[in-house]
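S.K.: Before I ask anything, let me first share the structure, which is written out below as structure tokens.
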Amino acid sequence: MNKIDEFTPGISAKVALARAVGSLSSRLGYGGTTLPGRIIRFFDGDISQRLISRISQGCILVSATNGKTTTSSIIDSILKENGAQVARNREGANLAAGVATALLKNASSGGRPAADIGLFEVDEAVFPELASQLDPRAVLLINLFRDQLDRYGELEHIAEMWRAAVQRLGRAVLIINADDPLVAGMAKLRPEASLCFGIEDAAAGGLVMQHASDSKYCTVCGHSFEYEVFFMGHLGKYHCPNCGNRRPSPAVSAENVRLDGMRGSSFDLVTPRWRQTIRISLPGLYNVYNALGAAACGYSLDVAPEQIKSGLERFSAAFGRVERLRIGGKTVCLLLVKNPAGFNEVVRTLLIEPGRKNLLLALNDRIADGRDISWIWDVDLEALGDKKVSATCTGTRAAEMAMRLKYAGLDASRLRVRPDLSAALKVAMAHTRDGETLYVLPTYTAMLAIRRIIHKHFQPEDEMADLVWR
């Protein structure tokens with residue numbers, strides 16, 4: 001029984017309806033990434049389980065506050081180097097309806113899957129539901145940072161949901177970031193089926209905790225952690241002096257980390273069986289973590305070392321993350337920012353770059369961004385305050401972003417406020433000299449809107465072609 005109309009009575013017509021609505025939505029410019037899934041789940045709540053059972057190698061679930069889209073895209077690159085046909089929610093629709101849509105797209109009219117493995121990034125809050133429904137082959141949990149408190153509540157609430165979901169996992173290999181104390185302890189819940197990854201180069205971190213660090217207390221006894229080194233927010237090498245709880249030793253690690261600003265990064269990838277020097281085109285230590293998590297996933301699936309290396313090094317950029325365009329002799333680079341930890345890493349990367357920093361900061365407060373924007377005061381923007389920075393603020397909360405930059409020490413003469421995104425992009429481009437780069441730092445919905453503006457007014461078929469405003 002492999003026909004989709006045999007899943008439930010009459011489901012064939014409903015699947016056809018869902019696909020037709022999705023196709024129409026896509027043609028009208030609305031994406032069509034979740035609506036088909038919502039429709040088919042309304043008619044058949046078990047459709048995702050039924051469709052995933054037709055994929056021979058099962059699926060991989062990736063969840064995190066920061067980096068799940070990029071990491072999933074890198075895993076996709078690695079799997080394709082291994083010859084796999086991959087079904088995934090590549091547009092970042094990471095709720096249950098988005099995953100259902102991806103599975104619908106993967107199934108032919110006869111119900112036979114086009115792919116042999118599924119790869120789905122999943123929202124932190126829906127990970128437990130999807131892990132239960134899809135019986136994944138592997139689960140990658142990268143980090144938990146404070147994000148959208150008005151939607152999720154405190155981090156410990158999400159962490160507790162994850163712990164319960166991990167305890168209920170079936171066959172899955174659990175791949176865990178050893179450097180995040182909020183998730184590292186979950187490896188103890190599946191000691192025979194867990195793989196930890198982390199950074200082993202102390203020179204890549206610092207000795208001072210960032211203001212935006214979120215997890216400072218032992219997850220076992222509540223005592224304050226002591227850190228040997230901080231890598232990113234609360235990620236680092238830590239131990240509890242009270243109960244002895246400490247960072248697990250990572251089986252897959254990055255050594256000799258070298259950050260080269262926007263040009264990328266390199267590191268030695270070390271596993272129990274082999275060692276490779278890796279060069280990635282993605283900037284910042286946060287992308288070293290993304291690459292390391294993807295490599296650990298590939299290792300857990302027995303992908304060959306040379307295919308992991310090739311998949312890492314051939315990967316360029318994910319949707320809205322470090323996308324680059326050449327526009328009229330200037331480079332435009334999109335760097336998504338959505339919470340303090342990620343924003344701080346972007347700032348850290350920009351500080352490596354020489355010369356003037358031309359910024360377009362787009363702060364929205366729509367539901368997908370989080371209504372509460374107080375998090376911008378936890379971003380270490382003071383690091384930019386006394387530098388050569390030219391900034392244009394835009395979005396629904398442009399004025400608040402401008403105020404934050406003013407308090408960070410940015411000279412008012414180098415600061416502009418244009419709430420309209422299209423107008424702001426024109427102004428920011430005008431203040432960017434030929435040969436320079438405009439760094440666009442948007443929240444999620446602002447990133448989607450700015451990408452639409454660029455595609456409307458430019459010809460971005462060739463990523464680095466010179467483009468002219470139309």
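Ordering of the structure tokens sets the chain letters (A, B, ...), residue numbers begin anew at 1 in every chain, and ligands are numbered from 1 in the order given.
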From a DSSP calculation on the backbone, collect every residue of segment 131-236 of chain A in strand (DSSP E) and output the set as a PyMOL selection string.

M.R.: chain A and resi 138-141+173-177+194-199+226-232+235-236

S.K.: Output N, CA and C atoms of each residue in that selection to a file, as a compact mmCIF listing (two decimals), in the first residue's frame.

M.R.:
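part.txt written:
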# COMPACT_ATOMS: atom_id res chain seq x y z
N ALA A 138 17.82 10.66 13.64
CA ALA A 138 18.81 11.45 14.37
C ALA A 138 18.18 12.76 14.80
N VAL A 139 18.58 13.26 15.96
CA VAL A 139 18.12 14.55 16.47
C VAL A 139 19.34 15.38 16.82
N LEU A 140 19.41 16.58 16.27
CA LEU A 140 20.51 17.50 16.55
C LEU A 140 19.97 18.70 17.32
N LEU A 141 20.43 18.88 18.56
CA LEU A 141 20.04 20.01 19.41
C LEU A 141 21.27 20.88 19.61
N VAL A 173 19.61 8.74 17.24
CA VAL A 173 20.88 9.16 17.81
C VAL A 173 20.73 10.63 18.21
N LEU A 174 21.11 10.97 19.43
CA LEU A 174 20.98 12.34 19.94
C LEU A 174 22.33 13.03 19.81
N ILE A 175 22.36 14.13 19.05
CA ILE A 175 23.60 14.88 18.82
C ILE A 175 23.47 16.20 19.56
N ILE A 176 24.37 16.46 20.50
CA ILE A 176 24.21 17.51 21.49
C ILE A 176 25.43 18.43 21.53
N ASN A 177 25.17 19.74 21.70
CA ASN A 177 26.25 20.71 21.87
C ASN A 177 26.75 20.66 23.31
N SER A 194 24.08 8.87 22.28
CA SER A 194 24.33 10.30 22.23
C SER A 194 25.73 10.58 21.70
N LEU A 195 25.86 11.72 21.03
CA LEU A 195 27.14 12.17 20.49
C LEU A 195 27.26 13.65 20.78
N CYS A 196 28.31 14.05 21.50
CA CYS A 196 28.51 15.46 21.85
C CYS A 196 29.54 16.11 20.94
N PHE A 197 29.32 17.39 20.63
CA PHE A 197 30.29 18.17 19.86
C PHE A 197 30.57 19.47 20.60
N GLY A 198 31.73 20.08 20.32
CA GLY A 198 32.08 21.32 20.99
C GLY A 198 33.40 21.87 20.49
N ILE A 199 33.72 23.06 20.95
CA ILE A 199 34.98 23.73 20.57
C ILE A 199 36.03 23.44 21.63
N GLU A 226 31.18 27.86 37.16
CA GLU A 226 32.46 28.51 36.94
C GLU A 226 32.93 28.14 35.54
N TYR A 227 33.45 29.13 34.82
CA TYR A 227 33.85 28.94 33.42
C TYR A 227 35.36 29.05 33.27
N GLU A 228 35.90 28.14 32.50
CA GLU A 228 37.31 28.24 32.08
C GLU A 228 37.43 29.21 30.91
N VAL A 229 36.44 29.19 30.02
CA VAL A 229 36.43 30.08 28.85
C VAL A 229 34.99 30.21 28.37
N PHE A 230 34.66 31.40 27.85
CA PHE A 230 33.37 31.66 27.22
C PHE A 230 33.57 31.73 25.72
N PHE A 231 32.76 30.99 24.96
CA PHE A 231 32.86 31.04 23.50
C PHE A 231 31.80 31.96 22.89
N MET A 232 30.55 31.82 23.33
CA MET A 232 29.46 32.58 22.73
C MET A 232 28.32 32.61 23.74
N LEU A 235 27.76 29.73 26.18
CA LEU A 235 28.45 28.56 25.65
C LEU A 235 29.93 28.65 26.00
N GLY A 236 30.48 27.56 26.52
CA GLY A 236 31.89 27.56 26.87
C GLY A 236 32.29 26.29 27.59

S.K.: If you count only C-alpha atoms, which residues fall within 9 Å of segment 331-340 of chain A, apart from same-chain ones fewer than 6 positions away, as JSON, numbers by chain?

M.R.: {"A": [65, 66, 145, 146, 147, 148, 211, 212, 213, 233, 320, 321, 322, 323, 324, 325, 346, 363, 369, 370, 375, 376, 377, 378, 379, 380, 429, 434, 435, 436, 437, 438, 439, 440, 441, 442, 443, 444, 447, 451, 464, 466]}

S.K.: I need the chosen residues saved as a PDB file, in the first residue's frame, with C-alpha atoms.

M.R.:
ATOM      1  CA  THR A  65      17.360  29.044  19.002  1.00  0.00           C
ATOM      2  CA  ASN A  66      20.202  30.164  16.747  1.00  0.00           C
ATOM      3  CA  PHE A 145      19.182  31.176  23.966  1.00  0.00           C
ATOM      4  CA  ARG A 146      16.703  33.749  25.212  1.00  0.00           C
ATOM      5  CA  ASP A 147      14.440  34.559  22.255  1.00  0.00           C
ATOM      6  CA  GLN A 148      10.880  35.899  21.982  1.00  0.00           C
ATOM      7  CA  HIS A 211      25.950  40.627  29.239  1.00  0.00           C
ATOM      8  CA  ALA A 212      23.512  38.540  27.174  1.00  0.00           C
ATOM      9  CA  SER A 213      24.576  35.212  28.682  1.00  0.00           C
ATOM     10  CA  GLY A 233      26.970  33.853  25.312  1.00  0.00           C
ATOM     11  CA  GLY A 320      18.872  35.381   4.551  1.00  0.00           C
ATOM     12  CA  ARG A 321      22.017  34.340   6.410  1.00  0.00           C
ATOM     13  CA  VAL A 322      25.197  35.915   5.045  1.00  0.00           C
ATOM     14  CA  GLU A 323      23.688  36.378   1.591  1.00  0.00           C
ATOM     15  CA  ARG A 324      25.788  38.675  -0.599  1.00  0.00           C
ATOM     16  CA  LEU A 325      24.861  40.782  -3.628  1.00  0.00           C
ATOM     17  CA  VAL A 346      27.496  39.533  14.209  1.00  0.00           C
ATOM     18  CA  LEU A 363      13.999  46.062  13.645  1.00  0.00           C
ATOM     19  CA  ASP A 369      10.008  38.542  15.424  1.00  0.00           C
ATOM     20  CA  GLY A 370       8.597  38.754  18.955  1.00  0.00           C
ATOM     21  CA  TRP A 375      16.384  42.473  24.053  1.00  0.00           C
ATOM     22  CA  ILE A 376      18.221  45.057  21.949  1.00  0.00           C
ATOM     23  CA  TRP A 377      19.489  46.596  25.220  1.00  0.00           C
ATOM     24  CA  ASP A 378      21.318  43.322  25.949  1.00  0.00           C
ATOM     25  CA  VAL A 379      23.279  43.520  22.683  1.00  0.00           C
ATOM     26  CA  ASP A 380      26.835  44.799  23.152  1.00  0.00           C
ATOM     27  CA  MET A 429      22.992  52.548  -0.291  1.00  0.00           C
ATOM     28  CA  ASP A 434      31.689  52.497  -4.157  1.00  0.00           C
ATOM     29  CA  GLY A 435      33.763  49.463  -3.254  1.00  0.00           C
ATOM     30  CA  GLU A 436      32.343  49.333   0.289  1.00  0.00           C
ATOM     31  CA  THR A 437      29.910  46.866   1.864  1.00  0.00           C
ATOM     32  CA  LEU A 438      26.487  47.625   3.271  1.00  0.00           C
ATOM     33  CA  TYR A 439      25.757  45.234   6.124  1.00  0.00           C
ATOM     34  CA  VAL A 440      22.004  44.679   6.461  1.00  0.00           C
ATOM     35  CA  LEU A 441      21.109  43.464   9.964  1.00  0.00           C
ATOM     36  CA  PRO A 442      17.369  42.604   9.959  1.00  0.00           C
ATOM     37  CA  THR A 443      15.055  40.719  12.262  1.00  0.00           C
ATOM     38  CA  TYR A 444      13.174  37.841  10.652  1.00  0.00           C
ATOM     39  CA  MET A 447      14.727  40.125   6.359  1.00  0.00           C
ATOM     40  CA  ARG A 451      14.743  40.263   0.240  1.00  0.00           C
ATOM     41  CA  MET A 464      27.720  38.688  -7.287  1.00  0.00           C
ATOM     42  CA  ASP A 466      26.594  44.218 -10.607  1.00  0.00           C
TER      43      ASP A 466
END

S.K.: Give the answer as one residue: which of A:Ser215, A:Ser48, A:Thr69, A:Asn106 has the shortest atom-to-atom distance to Glu129 of chain A, using only C-alpha atoms?

M.R.: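 Of the candidates, the smallest distance to Glu129 of chain A is held by A:Ser48.
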
S.K.: Which residues are close to Val389 of chain A, i.e. within 10 Å by only C-alpha atoms, leaving aside same-chain residues fewer than 4 positions away? Reply as a list in words.

M.R.: Gly355, Arg356, Lys357, Asn358, Leu359, Leu384, Gly385, Leu410, Asp411, Arg414 and Leu415 of chain A

S.K.: Would you work out the distance separating atom CA of Ile367 of chain A from atom CA of Ser72 of chain A, expressed in Å to one decimal?

M.R.: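 Atom CA of Ile367 of chain A sits 23.5 Å away from atom CA of Ser72 of chain A.
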
S.K.: Please identify all polymer residues within 12 Å of Gln57 of chain A, counting only C-alpha atoms, omitting same-chain residues fewer than 6 positions from it, and present them as a ChimeraX atom specification.

M.R.: /A:79,84-87,113,115-119,135-138,172,301

S.K.: Using N, CA and C atoms, can you write the selected residues to a file as an mmCIF file, in the first residue's frame?

M.R.:
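Produced file selection34.cif, reproduced below:
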data_model
loop_
_atom_site.group_PDB
_atom_site.id
_atom_site.type_symbol
_atom_site.label_atom_id
_atom_site.label_comp_id
_atom_site.auth_asym_id
_atom_site.auth_seq_id
_atom_site.Cartn_x
_atom_site.Cartn_y
_atom_site.Cartn_z
ATOM 1 N N LEU A 79 24.810 15.550 2.994
ATOM 2 C CA LEU A 79 24.051 14.373 2.553
ATOM 3 C C LEU A 79 24.066 14.231 1.039
ATOM 4 N N ALA A 84 22.640 11.274 -1.330
ATOM 5 C CA ALA A 84 21.273 11.132 -0.838
ATOM 6 C C ALA A 84 20.328 12.104 -1.542
ATOM 7 N N GLN A 85 19.083 11.665 -1.705
ATOM 8 C CA GLN A 85 18.004 12.539 -2.139
ATOM 9 C C GLN A 85 17.270 12.996 -0.873
ATOM 10 N N VAL A 86 17.232 14.313 -0.658
ATOM 11 C CA VAL A 86 16.801 14.857 0.628
ATOM 12 C C VAL A 86 15.472 15.603 0.493
ATOM 13 N N ALA A 87 14.524 15.284 1.377
ATOM 14 C CA ALA A 87 13.281 16.053 1.501
ATOM 15 C C ALA A 87 13.428 16.968 2.703
ATOM 16 N N PRO A 113 7.697 8.425 -2.291
ATOM 17 C CA PRO A 113 8.553 9.579 -2.010
ATOM 18 C C PRO A 113 9.656 9.752 -3.045
ATOM 19 N N ALA A 115 12.415 11.362 -2.189
ATOM 20 C CA ALA A 115 13.647 11.379 -1.405
ATOM 21 C C ALA A 115 13.810 10.080 -0.622
ATOM 22 N N ASP A 116 15.052 9.819 -0.209
ATOM 23 C CA ASP A 116 15.282 8.637 0.617
ATOM 24 C C ASP A 116 15.602 8.999 2.063
ATOM 25 N N ILE A 117 15.715 10.310 2.379
ATOM 26 C CA ILE A 117 15.910 10.744 3.762
ATOM 27 C C ILE A 117 15.259 12.112 3.947
ATOM 28 N N GLY A 118 14.675 12.349 5.110
ATOM 29 C CA GLY A 118 14.076 13.637 5.432
ATOM 30 C C GLY A 118 14.996 14.437 6.335
ATOM 31 N N LEU A 119 14.983 15.755 6.176
ATOM 32 C CA LEU A 119 15.801 16.650 6.987
ATOM 33 C C LEU A 119 14.960 17.883 7.299
ATOM 34 N N ASP A 135 9.333 9.890 14.659
ATOM 35 C CA ASP A 135 10.288 8.843 15.022
ATOM 36 C C ASP A 135 11.615 9.045 14.279
ATOM 37 N N PRO A 136 12.320 10.169 14.549
ATOM 38 C CA PRO A 136 13.507 10.506 13.759
ATOM 39 C C PRO A 136 14.641 9.503 13.913
ATOM 40 N N ARG A 137 15.468 9.471 12.896
ATOM 41 C CA ARG A 137 16.674 8.643 12.923
ATOM 42 C C ARG A 137 17.782 9.331 13.716
ATOM 43 N N ALA A 138 17.819 10.661 13.636
ATOM 44 C CA ALA A 138 18.809 11.448 14.373
ATOM 45 C C ALA A 138 18.176 12.762 14.797
ATOM 46 N N ALA A 172 16.394 7.226 17.737
ATOM 47 C CA ALA A 172 17.240 8.347 17.315
ATOM 48 C C ALA A 172 18.590 8.387 18.019
ATOM 49 N N LEU A 301 25.953 9.498 11.033
ATOM 50 C CA LEU A 301 25.306 8.748 9.953
ATOM 51 C C LEU A 301 26.310 7.973 9.102
#

S.K.: Give the helix (DSSP H, G or I) residues of segment 176-414 of chain A, as assigned by DSSP on the backbone, as an NGL selection string.

M.R.: :A and (181-189 or 202-204 or 261-263 or 285-300 or 305-314 or 340-352 or 374-378 or 382-385 or 398-407 or 412-414)

S.K.: Measure the distance from atom CA of Ala398 of chain A to atom CA of Leu421 of chain A in Å and round it to one decimal.

M.R.: 9.8 Å

S.K.: Which is closer to Ile55 of chain A than all the others in A:Leu130, A:Ala114, A:Ala187, A:Ala251, using only C-alpha atoms?

M.R.: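 Between A:Leu130, A:Ala114, A:Ala187, A:Ala251, the residue approaching Ile55 of chain A most closely is A:Ala114.
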